[in-house]
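Printed here is query.pdb (PDB, N, CA and C atoms):
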ATOM      1  N   MET A   1      16.307 -36.090   1.478
ATOM      2  CA  MET A   1      15.933 -35.250   2.601
ATOM      3  C   MET A   1      16.634 -33.891   2.534
ATOM      4  N   ARG A   2      17.908 -33.916   2.191
ATOM      5  CA  ARG A   2      18.681 -32.686   2.099
ATOM      6  C   ARG A   2      18.132 -31.792   0.984
ATOM      7  N   PHE A   3      17.732 -32.410  -0.122
ATOM      8  CA  PHE A   3      17.146 -31.642  -1.230
ATOM      9  C   PHE A   3      15.874 -30.933  -0.796
ATOM     10  N   LEU A   4      15.049 -31.608  -0.009
ATOM     11  CA  LEU A   4      13.805 -31.030   0.481
ATOM     12  C   LEU A   4      14.076 -29.807   1.362
ATOM     13  N   ILE A   5      15.065 -29.902   2.206
ATOM     14  CA  ILE A   5      15.423 -28.763   3.065
ATOM     15  C   ILE A   5      15.885 -27.586   2.223
ATOM     16  N   TYR A   6      16.731 -27.843   1.236
ATOM     17  CA  TYR A   6      17.194 -26.765   0.352
ATOM     18  C   TYR A   6      16.046 -26.151  -0.444
ATOM     19  N   ALA A   7      15.113 -26.974  -0.895
ATOM     20  CA  ALA A   7      13.968 -26.465  -1.654
ATOM     21  C   ALA A   7      13.093 -25.573  -0.783
ATOM     22  N   VAL A   8      12.859 -25.968   0.462
ATOM     23  CA  VAL A   8      12.048 -25.154   1.377
ATOM     24  C   VAL A   8      12.746 -23.836   1.678
ATOM     25  N   LEU A   9      14.043 -23.875   1.938
ATOM     26  CA  LEU A   9      14.795 -22.646   2.217
ATOM     27  C   LEU A   9      14.820 -21.714   1.004
ATOM     28  N   LEU A  10      14.976 -22.265  -0.178
ATOM     29  CA  LEU A  10      14.992 -21.453  -1.393
ATOM     30  C   LEU A  10      13.627 -20.818  -1.635
ATOM     31  N   SER A  11      12.552 -21.572  -1.435
ATOM     32  CA  SER A  11      11.214 -21.004  -1.641
ATOM     33  C   SER A  11      10.911 -19.934  -0.597
ATOM     34  N   ALA A  12      11.363 -20.116   0.653
ATOM     35  CA  ALA A  12      11.166 -19.080   1.685
ATOM     36  C   ALA A  12      11.937 -17.822   1.330
ATOM     37  N   TYR A  13      13.138 -17.965   0.794
ATOM     38  CA  TYR A  13      13.935 -16.811   0.384
ATOM     39  C   TYR A  13      13.268 -16.058  -0.765
ATOM     40  N   ILE A  14      12.757 -16.778  -1.740
ATOM     41  CA  ILE A  14      12.092 -16.145  -2.883
ATOM     42  C   ILE A  14      10.832 -15.420  -2.430
ATOM     43  N   LEU A  15      10.069 -16.018  -1.540
ATOM     44  CA  LEU A  15       8.864 -15.359  -1.024
ATOM     45  C   LEU A  15       9.214 -14.092  -0.245
ATOM     46  N   SER A  16      10.316 -14.098   0.477
ATOM     47  CA  SER A  16      10.701 -12.885   1.210
ATOM     48  C   SER A  16      11.115 -11.777   0.259
ATOM     49  N   LEU A  17      11.656 -12.120  -0.895
ATOM     50  CA  LEU A  17      12.013 -11.105  -1.889
ATOM     51  C   LEU A  17      10.775 -10.487  -2.522
ATOM     52  N   LEU A  18       9.704 -11.259  -2.642
ATOM     53  CA  LEU A  18       8.491 -10.777  -3.277
ATOM     54  C   LEU A  18       7.566 -10.037  -2.319
ATOM     55  N   GLU A  19       7.916  -9.996  -1.045
ATOM     56  CA  GLU A  19       7.058  -9.351  -0.056
ATOM     57  C   GLU A  19       7.140  -7.842  -0.204
ATOM     58  N   ALA A  20       6.013  -7.222  -0.418
ATOM     59  CA  ALA A  20       5.953  -5.771  -0.554
ATOM     60  C   ALA A  20       5.532  -5.149   0.766
ATOM     61  N   LYS A  21       5.683  -3.862   0.851
ATOM     62  CA  LYS A  21       5.303  -3.142   2.058
ATOM     63  C   LYS A  21       3.976  -2.435   1.825
ATOM     64  N   ASP A  22       2.888  -3.199   1.941
ATOM     65  CA  ASP A  22       1.551  -2.658   1.784
ATOM     66  C   ASP A  22       1.125  -1.973   3.073
ATOM     67  N   LEU A  23       0.285  -0.960   2.929
ATOM     68  CA  LEU A  23      -0.271  -0.258   4.083
ATOM     69  C   LEU A  23      -1.692  -0.767   4.304
ATOM     70  N   VAL A  24      -1.954  -1.296   5.494
ATOM     71  CA  VAL A  24      -3.297  -1.751   5.856
ATOM     72  C   VAL A  24      -3.602  -1.163   7.227
ATOM     73  N   VAL A  25      -4.592  -0.269   7.284
ATOM     74  CA  VAL A  25      -4.981   0.386   8.525
ATOM     75  C   VAL A  25      -6.487   0.205   8.683
ATOM     76  N   GLY A  26      -6.916  -0.181   9.865
ATOM     77  CA  GLY A  26      -8.342  -0.393  10.091
ATOM     78  C   GLY A  26      -8.774  -1.721   9.495
ATOM     79  N   THR A  27     -10.041  -1.780   9.102
ATOM     80  CA  THR A  27     -10.585  -3.021   8.569
ATOM     81  C   THR A  27     -11.518  -2.744   7.391
ATOM     82  N   ARG A  28     -11.628  -3.726   6.531
ATOM     83  CA  ARG A  28     -12.576  -3.623   5.417
ATOM     84  C   ARG A  28     -13.765  -4.543   5.621
ATOM     85  N   VAL A  29     -13.737  -5.362   6.657
ATOM     86  CA  VAL A  29     -14.802  -6.319   6.932
ATOM     87  C   VAL A  29     -16.084  -5.570   7.270
ATOM     88  N   ASN A  30     -17.151  -5.888   6.568
ATOM     89  CA  ASN A  30     -18.471  -5.277   6.748
ATOM     90  C   ASN A  30     -18.458  -3.767   6.547
ATOM     91  N   ASN A  31     -17.533  -3.266   5.780
ATOM     92  CA  ASN A  31     -17.460  -1.839   5.497
ATOM     93  C   ASN A  31     -17.697  -1.584   4.014
ATOM     94  N   LEU A  32     -18.063  -0.344   3.692
ATOM     95  CA  LEU A  32     -18.406   0.070   2.336
ATOM     96  C   LEU A  32     -17.200   0.727   1.671
ATOM     97  N   LEU A  33     -16.864   0.276   0.468
ATOM     98  CA  LEU A  33     -15.763   0.878  -0.298
ATOM     99  C   LEU A  33     -16.227   2.215  -0.866
ATOM    100  N   ILE A  34     -15.549   3.312  -0.507
ATOM    101  CA  ILE A  34     -15.968   4.632  -0.973
ATOM    102  C   ILE A  34     -14.990   5.254  -1.962
ATOM    103  N   SER A  35     -13.771   4.718  -2.051
ATOM    104  CA  SER A  35     -12.809   5.291  -2.992
ATOM    105  C   SER A  35     -11.820   4.233  -3.447
ATOM    106  N   THR A  36     -11.567   4.224  -4.743
ATOM    107  CA  THR A  36     -10.540   3.382  -5.348
ATOM    108  C   THR A  36      -9.724   4.278  -6.268
ATOM    109  N   GLU A  37      -8.433   4.335  -6.039
ATOM    110  CA  GLU A  37      -7.584   5.229  -6.826
ATOM    111  C   GLU A  37      -6.221   4.588  -7.027
ATOM    112  N   LYS A  38      -5.661   4.764  -8.231
ATOM    113  CA  LYS A  38      -4.305   4.309  -8.501
ATOM    114  C   LYS A  38      -3.353   5.485  -8.338
ATOM    115  N   VAL A  39      -2.234   5.233  -7.686
ATOM    116  CA  VAL A  39      -1.176   6.228  -7.531
ATOM    117  C   VAL A  39       0.028   5.700  -8.299
ATOM    118  N   VAL A  40       0.343   6.361  -9.410
ATOM    119  CA  VAL A  40       1.434   5.924 -10.275
ATOM    120  C   VAL A  40       2.405   7.088 -10.451
ATOM    121  N   TYR A  41       3.673   6.801 -10.258
ATOM    122  CA  TYR A  41       4.722   7.812 -10.370
ATOM    123  C   TYR A  41       5.909   7.142 -11.035
ATOM    124  N   SER A  42       6.423   7.685 -12.103
ATOM    125  CA  SER A  42       7.485   7.031 -12.869
ATOM    126  C   SER A  42       8.829   7.087 -12.139
ATOM    127  N   ALA A  43       9.688   6.174 -12.489
ATOM    128  CA  ALA A  43      11.007   6.065 -11.863
ATOM    129  C   ALA A  43      12.012   6.980 -12.539
ATOM    130  N   ILE A  44      12.961   7.443 -11.752
ATOM    131  CA  ILE A  44      14.125   8.180 -12.247
ATOM    132  C   ILE A  44      15.351   7.467 -11.678
ATOM    133  N   PRO A  45      16.313   7.092 -12.514
ATOM    134  CA  PRO A  45      17.472   6.344 -12.013
ATOM    135  C   PRO A  45      18.178   7.068 -10.858
ATOM    136  N   LEU A  46      18.491   6.310  -9.813
ATOM    137  CA  LEU A  46      19.227   6.755  -8.629
ATOM    138  C   LEU A  46      18.492   7.770  -7.761
ATOM    139  N   ILE A  47      17.236   8.060  -8.055
ATOM    140  CA  ILE A  47      16.468   9.045  -7.286
ATOM    141  C   ILE A  47      15.330   8.333  -6.557
ATOM    142  N   ARG A  48      15.106   8.724  -5.302
ATOM    143  CA  ARG A  48      13.980   8.218  -4.525
ATOM    144  C   ARG A  48      12.812   9.178  -4.734
ATOM    145  N   ARG A  49      11.654   8.640  -5.153
ATOM    146  CA  ARG A  49      10.498   9.479  -5.455
ATOM    147  C   ARG A  49       9.545   9.552  -4.265
ATOM    148  N   ASP A  50       9.008  10.755  -4.007
ATOM    149  CA  ASP A  50       8.033  10.984  -2.938
ATOM    150  C   ASP A  50       6.771  11.574  -3.542
ATOM    151  N   LYS A  51       5.620  11.116  -3.046
ATOM    152  CA  LYS A  51       4.351  11.657  -3.512
ATOM    153  C   LYS A  51       3.335  11.576  -2.384
ATOM    154  N   ASP A  52       2.515  12.609  -2.255
ATOM    155  CA  ASP A  52       1.432  12.620  -1.284
ATOM    156  C   ASP A  52       0.109  12.457  -2.014
ATOM    157  N   TYR A  53      -0.754  11.604  -1.458
ATOM    158  CA  TYR A  53      -2.091  11.400  -1.993
ATOM    159  C   TYR A  53      -3.069  11.829  -0.902
ATOM    160  N   THR A  54      -4.020  12.706  -1.242
ATOM    161  CA  THR A  54      -5.003  13.189  -0.279
ATOM    162  C   THR A  54      -6.405  12.839  -0.758
ATOM    163  N   TYR A  55      -7.194  12.282   0.156
ATOM    164  CA  TYR A  55      -8.589  11.979  -0.116
ATOM    165  C   TYR A  55      -9.435  12.726   0.910
ATOM    166  N   ILE A  56     -10.424  13.483   0.431
ATOM    167  CA  ILE A  56     -11.382  14.175   1.284
ATOM    168  C   ILE A  56     -12.772  13.728   0.858
ATOM    169  N   ASP A  57     -13.529  13.166   1.792
ATOM    170  CA  ASP A  57     -14.858  12.668   1.466
ATOM    171  C   ASP A  57     -15.851  13.822   1.424
ATOM    172  N   SER A  58     -16.492  14.004   0.289
ATOM    173  CA  SER A  58     -17.442  15.108   0.117
ATOM    174  C   SER A  58     -18.717  14.912   0.945
ATOM    175  N   LYS A  59     -19.031  13.660   1.287
ATOM    176  CA  LYS A  59     -20.237  13.380   2.075
ATOM    177  C   LYS A  59     -19.946  13.325   3.574
ATOM    178  N   ARG A  60     -18.710  13.637   3.975
ATOM    179  CA  ARG A  60     -18.293  13.704   5.376
ATOM    180  C   ARG A  60     -18.471  12.360   6.107
ATOM    181  N   ARG A  61     -18.213  11.244   5.400
ATOM    182  CA  ARG A  61     -18.285   9.917   6.019
ATOM    183  C   ARG A  61     -16.975   9.633   6.762
ATOM    184  N   ILE A  62     -17.066   8.928   7.854
ATOM    185  CA  ILE A  62     -15.916   8.601   8.681
ATOM    186  C   ILE A  62     -15.161   7.413   8.071
ATOM    187  N   ILE A  63     -13.842   7.525   7.942
ATOM    188  CA  ILE A  63     -13.004   6.469   7.373
ATOM    189  C   ILE A  63     -12.809   5.369   8.418
ATOM    190  N   LYS A  64     -13.081   4.122   8.015
ATOM    191  CA  LYS A  64     -12.931   2.964   8.900
ATOM    192  C   LYS A  64     -11.807   2.027   8.467
ATOM    193  N   GLY A  65     -11.336   2.160   7.234
ATOM    194  CA  GLY A  65     -10.269   1.291   6.756
ATOM    195  C   GLY A  65      -9.550   1.887   5.568
ATOM    196  N   ILE A  66      -8.233   1.664   5.505
ATOM    197  CA  ILE A  66      -7.403   2.145   4.395
ATOM    198  C   ILE A  66      -6.475   1.013   3.987
ATOM    199  N   ILE A  67      -6.441   0.735   2.700
ATOM    200  CA  ILE A  67      -5.504  -0.246   2.150
ATOM    201  C   ILE A  67      -4.775   0.417   0.994
ATOM    202  N   ALA A  68      -3.446   0.416   1.041
ATOM    203  CA  ALA A  68      -2.618   0.884  -0.069
ATOM    204  C   ALA A  68      -1.766  -0.301  -0.495
ATOM    205  N   ARG A  69      -2.112  -0.920  -1.614
ATOM    206  CA  ARG A  69      -1.478  -2.153  -2.081
ATOM    207  C   ARG A  69      -0.438  -1.828  -3.145
ATOM    208  N   ASP A  70       0.800  -2.282  -2.927
ATOM    209  CA  ASP A  70       1.893  -2.062  -3.872
ATOM    210  C   ASP A  70       1.754  -3.069  -5.015
ATOM    211  N   LEU A  71       1.333  -2.598  -6.172
ATOM    212  CA  LEU A  71       1.090  -3.486  -7.310
ATOM    213  C   LEU A  71       2.375  -3.951  -7.978
ATOM    214  N   SER A  72       3.463  -3.205  -7.812
ATOM    215  CA  SER A  72       4.744  -3.584  -8.414
ATOM    216  C   SER A  72       5.576  -4.481  -7.510
ATOM    217  N   ARG A  73       5.141  -4.668  -6.254
ATOM    218  CA  ARG A  73       5.838  -5.516  -5.279
ATOM    219  C   ARG A  73       7.283  -5.070  -5.076
ATOM    220  N   THR A  74       7.487  -3.764  -4.864
ATOM    221  CA  THR A  74       8.815  -3.201  -4.638
ATOM    222  C   THR A  74       9.008  -2.907  -3.160
ATOM    223  N   ASP A  75      10.098  -2.238  -2.837
ATOM    224  CA  ASP A  75      10.375  -1.846  -1.454
ATOM    225  C   ASP A  75       9.870  -0.438  -1.162
ATOM    226  N   ALA A  76       8.912   0.047  -1.928
ATOM    227  CA  ALA A  76       8.323   1.358  -1.663
ATOM    228  C   ALA A  76       7.549   1.315  -0.354
ATOM    229  N   ARG A  77       7.363   2.476   0.263
ATOM    230  CA  ARG A  77       6.660   2.565   1.546
ATOM    231  C   ARG A  77       5.518   3.555   1.453
ATOM    232  N   ALA A  78       4.466   3.270   2.223
ATOM    233  CA  ALA A  78       3.314   4.164   2.315
ATOM    234  C   ALA A  78       3.004   4.379   3.792
ATOM    235  N   THR A  79       2.799   5.647   4.177
ATOM    236  CA  THR A  79       2.470   5.970   5.562
ATOM    237  C   THR A  79       1.368   7.015   5.590
ATOM    238  N   VAL A  80       0.502   6.928   6.599
ATOM    239  CA  VAL A  80      -0.546   7.928   6.791
ATOM    240  C   VAL A  80       0.080   9.104   7.532
ATOM    241  N   THR A  81      -0.022  10.303   6.941
ATOM    242  CA  THR A  81       0.583  11.486   7.554
ATOM    243  C   THR A  81      -0.449  12.452   8.124
ATOM    244  N   ALA A  82      -1.693  12.370   7.706
ATOM    245  CA  ALA A  82      -2.742  13.254   8.231
ATOM    246  C   ALA A  82      -4.085  12.556   8.085
ATOM    247  N   GLY A  83      -4.999  12.871   9.001
ATOM    248  CA  GLY A  83      -6.323  12.263   8.940
ATOM    249  C   GLY A  83      -6.249  10.782   9.228
ATOM    250  N   GLY A  84      -6.997  10.004   8.475
ATOM    251  CA  GLY A  84      -6.971   8.554   8.633
ATOM    252  C   GLY A  84      -8.211   8.024   9.306
ATOM    253  N   LEU A  85      -8.039   6.980  10.120
ATOM    254  CA  LEU A  85      -9.170   6.348  10.788
ATOM    255  C   LEU A  85      -9.851   7.334  11.714
ATOM    256  N   GLY A  86     -11.186   7.381  11.647
ATOM    257  CA  GLY A  86     -11.960   8.272  12.486
ATOM    258  C   GLY A  86     -12.093   9.679  11.944
ATOM    259  N   ALA A  87     -11.480   9.967  10.807
ATOM    260  CA  ALA A  87     -11.561  11.291  10.186
ATOM    261  C   ALA A  87     -12.304  11.176   8.859
ATOM    262  N   THR A  88     -12.600  12.319   8.251
ATOM    263  CA  THR A  88     -13.263  12.317   6.945
ATOM    264  C   THR A  88     -12.274  12.526   5.811
ATOM    265  N   ASN A  89     -10.993  12.603   6.135
ATOM    266  CA  ASN A  89      -9.962  12.785   5.124
ATOM    267  C   ASN A  89      -8.735  11.964   5.501
ATOM    268  N   VAL A  90      -7.869  11.762   4.535
ATOM    269  CA  VAL A  90      -6.611  11.066   4.792
ATOM    270  C   VAL A  90      -5.568  11.574   3.800
ATOM    271  N   THR A  91      -4.339  11.707   4.275
ATOM    272  CA  THR A  91      -3.197  12.001   3.415
ATOM    273  C   THR A  91      -2.200  10.869   3.592
ATOM    274  N   ILE A  92      -1.822  10.248   2.489
ATOM    275  CA  ILE A  92      -0.878   9.133   2.499
ATOM    276  C   ILE A  92       0.377   9.577   1.777
ATOM    277  N   HIS A  93       1.529   9.372   2.423
ATOM    278  CA  HIS A  93       2.815   9.721   1.827
ATOM    279  C   HIS A  93       3.444   8.451   1.257
ATOM    280  N   PHE A  94       3.786   8.484  -0.022
ATOM    281  CA  PHE A  94       4.429   7.353  -0.697
ATOM    282  C   PHE A  94       5.890   7.691  -0.943
ATOM    283  N   GLN A  95       6.770   6.719  -0.707
ATOM    284  CA  GLN A  95       8.195   6.897  -0.975
ATOM    285  C   GLN A  95       8.696   5.642  -1.681
ATOM    286  N   SER A  96       9.262   5.839  -2.865
ATOM    287  CA  SER A  96       9.736   4.705  -3.650
ATOM    288  C   SER A  96      11.132   4.290  -3.191
ATOM    289  N   GLU A  97      11.541   3.114  -3.654
ATOM    290  CA  GLU A  97      12.921   2.729  -3.445
ATOM    291  C   GLU A  97      13.793   3.534  -4.405
ATOM    292  N   ARG A  98      15.085   3.596  -4.134
ATOM    293  CA  ARG A  98      15.985   4.376  -4.969
ATOM    294  C   ARG A  98      15.991   3.812  -6.399
ATOM    295  N   GLY A  99      15.696   4.675  -7.359
ATOM    296  CA  GLY A  99      15.667   4.267  -8.756
ATOM    297  C   GLY A  99      14.377   3.588  -9.183
ATOM    298  N   GLY A 100      13.404   3.524  -8.303
ATOM    299  CA  GLY A 100      12.144   2.847  -8.618
ATOM    300  C   GLY A 100      10.987   3.822  -8.676
ATOM    301  N   GLY A 101       9.897   3.370  -9.206
ATOM    302  CA  GLY A 101       8.691   4.187  -9.294
ATOM    303  C   GLY A 101       7.659   3.731  -8.287
ATOM    304  N   LEU A 102       6.496   4.346  -8.345
ATOM    305  CA  LEU A 102       5.384   4.002  -7.466
ATOM    306  C   LEU A 102       4.230   3.468  -8.292
ATOM    307  N   ASN A 103       3.616   2.402  -7.820
ATOM    308  CA  ASN A 103       2.440   1.833  -8.472
ATOM    309  C   ASN A 103       1.558   1.230  -7.384
ATOM    310  N   TYR A 104       0.690   2.046  -6.811
ATOM    311  CA  TYR A 104      -0.143   1.650  -5.689
ATOM    312  C   TYR A 104      -1.617   1.721  -6.063
ATOM    313  N   LEU A 105      -2.401   0.846  -5.443
ATOM    314  CA  LEU A 105      -3.849   0.898  -5.498
ATOM    315  C   LEU A 105      -4.328   1.252  -4.099
ATOM    316  N   VAL A 106      -5.044   2.381  -3.975
ATOM    317  CA  VAL A 106      -5.514   2.860  -2.676
ATOM    318  C   VAL A 106      -7.016   2.604  -2.574
ATOM    319  N   LEU A 107      -7.418   1.900  -1.519
ATOM    320  CA  LEU A 107      -8.817   1.601  -1.239
ATOM    321  C   LEU A 107      -9.173   2.227   0.104
ATOM    322  N   ILE A 108     -10.307   2.947   0.148
ATOM    323  CA  ILE A 108     -10.749   3.590   1.377
ATOM    324  C   ILE A 108     -12.166   3.106   1.695
ATOM    325  N   PHE A 109     -12.373   2.725   2.955
ATOM    326  CA  PHE A 109     -13.635   2.143   3.397
ATOM    327  C   PHE A 109     -14.268   2.992   4.484
ATOM    328  N   THR A 110     -15.608   2.971   4.547
ATOM    329  CA  THR A 110     -16.361   3.634   5.600
ATOM    330  C   THR A 110     -17.372   2.650   6.162
ATOM    331  N   LYS A 111     -18.032   3.034   7.232
ATOM    332  CA  LYS A 111     -19.018   2.163   7.871
ATOM    333  C   LYS A 111     -20.173   1.898   6.913
ATOM    334  N   ASN A 112     -20.556   0.645   6.817
ATOM    335  CA  ASN A 112     -21.651   0.246   5.942
ATOM    336  C   ASN A 112     -22.974   0.549   6.651
ATOM    337  N   THR A 113     -23.729   1.517   6.114
ATOM    338  CA  THR A 113     -24.989   1.893   6.758
ATOM    339  C   THR A 113     -26.180   1.497   5.924
TER
END

Reformat the file's structure so that it appears as structure tokens.
Amino acid sequence: MRFLIYAVLLSAYILSLLEAKDLVVGTRVNNLLISTEKVVYSAIPLIRRDKDYTYIDSKRRIIKGIIARDLSRTDARATVTAGGLGATNVTIHFQSERGGGLNYLVLIFTKNT
């Protein structure tokens, strides 16, 4: 019984280490994918990297969902700084952990018409 408790606690700890900080805004359910882009920025030791990604829809479609998935599963962060849901553009600010790089997949959705 004690072994089972330790195994559950160890697996919960490992899963918490693997949890990344993905950005999910809005919804992708019943929506059309209009943009898929990778944001990759190399690491520099002891330096925190910042990068802005801007998407402007040429067809002026309204954004209904944004997903920025951290493919490296690090402690990097992504935040929407301009535009976003209800707009035709979005700017996402990425910030890596100290000494780490950025490896994100950005998906943008609009209303399925």

Contacts of Asp70 (chain A) at 7 Å or less, counting all atoms listed in the file, minus same-chain residues fewer than 2 places along, as an mmCIF file with N, CA and C atoms, in the frame of the given file?
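Output below, filename around30.cif:
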data_model
loop_
_atom_site.group_PDB
_atom_site.id
_atom_site.type_symbol
_atom_site.label_atom_id
_atom_site.label_comp_id
_atom_site.auth_asym_id
_atom_site.auth_seq_id
_atom_site.Cartn_x
_atom_site.Cartn_y
_atom_site.Cartn_z
ATOM 1 N N ALA A 20 6.013 -7.222 -0.418
ATOM 2 C CA ALA A 20 5.953 -5.771 -0.554
ATOM 3 C C ALA A 20 5.532 -5.149 0.766
ATOM 4 N N LYS A 21 5.683 -3.862 0.851
ATOM 5 C CA LYS A 21 5.303 -3.142 2.058
ATOM 6 C C LYS A 21 3.976 -2.435 1.825
ATOM 7 N N ASP A 22 2.888 -3.199 1.941
ATOM 8 C CA ASP A 22 1.551 -2.658 1.784
ATOM 9 C C ASP A 22 1.125 -1.973 3.073
ATOM 10 N N LEU A 23 0.285 -0.960 2.929
ATOM 11 C CA LEU A 23 -0.271 -0.258 4.083
ATOM 12 C C LEU A 23 -1.692 -0.767 4.304
ATOM 13 N N ALA A 68 -3.446 0.416 1.041
ATOM 14 C CA ALA A 68 -2.618 0.884 -0.069
ATOM 15 C C ALA A 68 -1.766 -0.301 -0.495
ATOM 16 N N SER A 72 3.463 -3.205 -7.812
ATOM 17 C CA SER A 72 4.744 -3.584 -8.414
ATOM 18 C C SER A 72 5.576 -4.481 -7.510
ATOM 19 N N ARG A 73 5.141 -4.668 -6.254
ATOM 20 C CA ARG A 73 5.838 -5.516 -5.279
ATOM 21 C C ARG A 73 7.283 -5.070 -5.076
ATOM 22 N N THR A 74 7.487 -3.764 -4.864
ATOM 23 C CA THR A 74 8.815 -3.201 -4.638
ATOM 24 C C THR A 74 9.008 -2.907 -3.160
ATOM 25 N N ASN A 103 3.616 2.402 -7.820
ATOM 26 C CA ASN A 103 2.440 1.833 -8.472
ATOM 27 C C ASN A 103 1.558 1.230 -7.384
ATOM 28 N N TYR A 104 0.690 2.046 -6.811
ATOM 29 C CA TYR A 104 -0.143 1.650 -5.689
ATOM 30 C C TYR A 104 -1.617 1.721 -6.063
ATOM 31 N N LEU A 105 -2.401 0.846 -5.443
ATOM 32 C CA LEU A 105 -3.849 0.898 -5.498
ATOM 33 C C LEU A 105 -4.328 1.252 -4.099
#

Next on the checklist: Residue by residue, what does the PyMOL selection byres ((chain A and resi 51) around 5) grab here? Present the result as a list in words.
Outcome noted: Arg49, Asp50, Asp52, Tyr53, His93 and Phe94 of chain A

Item to check | Selected residue of minimal separation from Arg69 (chain A) among A:Asp57, A:Leu46, A:Ser96, A:Val106, counting all atoms listed in the file | outcome: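 Answer, going by the shortest atom-to-atom distance: A:Val106.
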
Next on the checklist: So that I can see what lies close to Ser58 (chain A), please list as a list in words the residues with an atom at most 8 Å from it, counting only N, CA and C atoms and leaving out residues fewer than 3 positions away in the same chain.
Outcome noted: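 Result of the neighbour search: Tyr55, Arg61 and Thr88 of chain A.
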
Item to check | Matched chain/residue IDs from the PyMOL selection byres (((chain A and resi 101 and name CA) around 6) and name CA), as a list of chain:residue names | outcome: A:Tyr41, A:Ser42, A:Ala43, A:Ser96, A:Gly100, A:Leu102

Next on the checklist: the PyMOL selection byres ((chain A and resi 86) around 6.5) - which residues does that actually catch in the file I just gave you? List them as a VMD selection string.
Outcome noted: chain A and resid 62 to 64 83 to 85 87 to 88

Checklist entry - Between A:Val80, A:Val90, A:Leu107, A:Leu71, which one has atoms that come closest to Leu32 (chain A), using only C-alpha atoms? => result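 That would be A:Leu107, the residue with the smallest distance to Leu32 (chain A).
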
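Note that atom N of Val40 (chain A) and CA of Lys111 (chain A) are 26.3 Å apart.
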
Next on the checklist: Just to confirm, what's the straight-line distance from atom C of Arg60 (chain A) to atom C of Thr79 (chain A) in Å (one decimal)?
Outcome noted: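 Going from atom C of Arg60 (chain A) over to atom C of Thr79 (chain A) covers 20.6 Å.
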
Checklist outcome for this item: From atom C of Ile44 (chain A) to atom N of Ala82 (chain A) the spacing works out at 26.3 Å

Around all of region 59-69 of chain A's listed atoms, make the axis-aligned box with 3 Å on each side and tell me centre and edge lengths in Å to one decimal, as AutoDock Vina command-line options.
--center_x -10.3 --center_y 5.8 --center_z 2.9 --size_x 25.8 --size_y 21.9 --size_z 18.0

Checklist entry - Of the candidates A:Gln95, A:Thr54, A:Ile108, A:Arg77, which shows the shortest atom-to-atom distance to Thr36 (chain A), using all atoms listed in the file? => result A:Ile108

Item to check | Every residue of region 15-108 of chain A that DSSP places in strand (DSSP E or B), as a PyMOL selection string | outcome: chain A and resi 23-26+31-41+50-56+63-70+77-83+89-95+102-108

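Here the question is which of A:Gly65, A:Gly99, A:Ile92, A:Thr81 gets nearest to Gly26 (chain A) using all atoms listed in the file, and that residue is A:Gly65.
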
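Nearest to Leu33 (chain A) of all the residues A:Ile66, A:Ile47, A:Ile56, A:Thr91 is A:Ile66, counting only C-alpha atoms.
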
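Residues of region 9-93 of chain A that DSSP, applied to the backbone, places in helix (DSSP H, G or I): Leu9, Leu10, Ser11, Ala12, Tyr13, Ile14, Leu15, Ser16, Leu17 and Leu18 of chain A.
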
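Closest approach to Arg48 (chain A) from the set A:Arg98, A:Val29, A:Ile34, A:Val24 is made by A:Arg98, with distances taken over only N, CA and C atoms.
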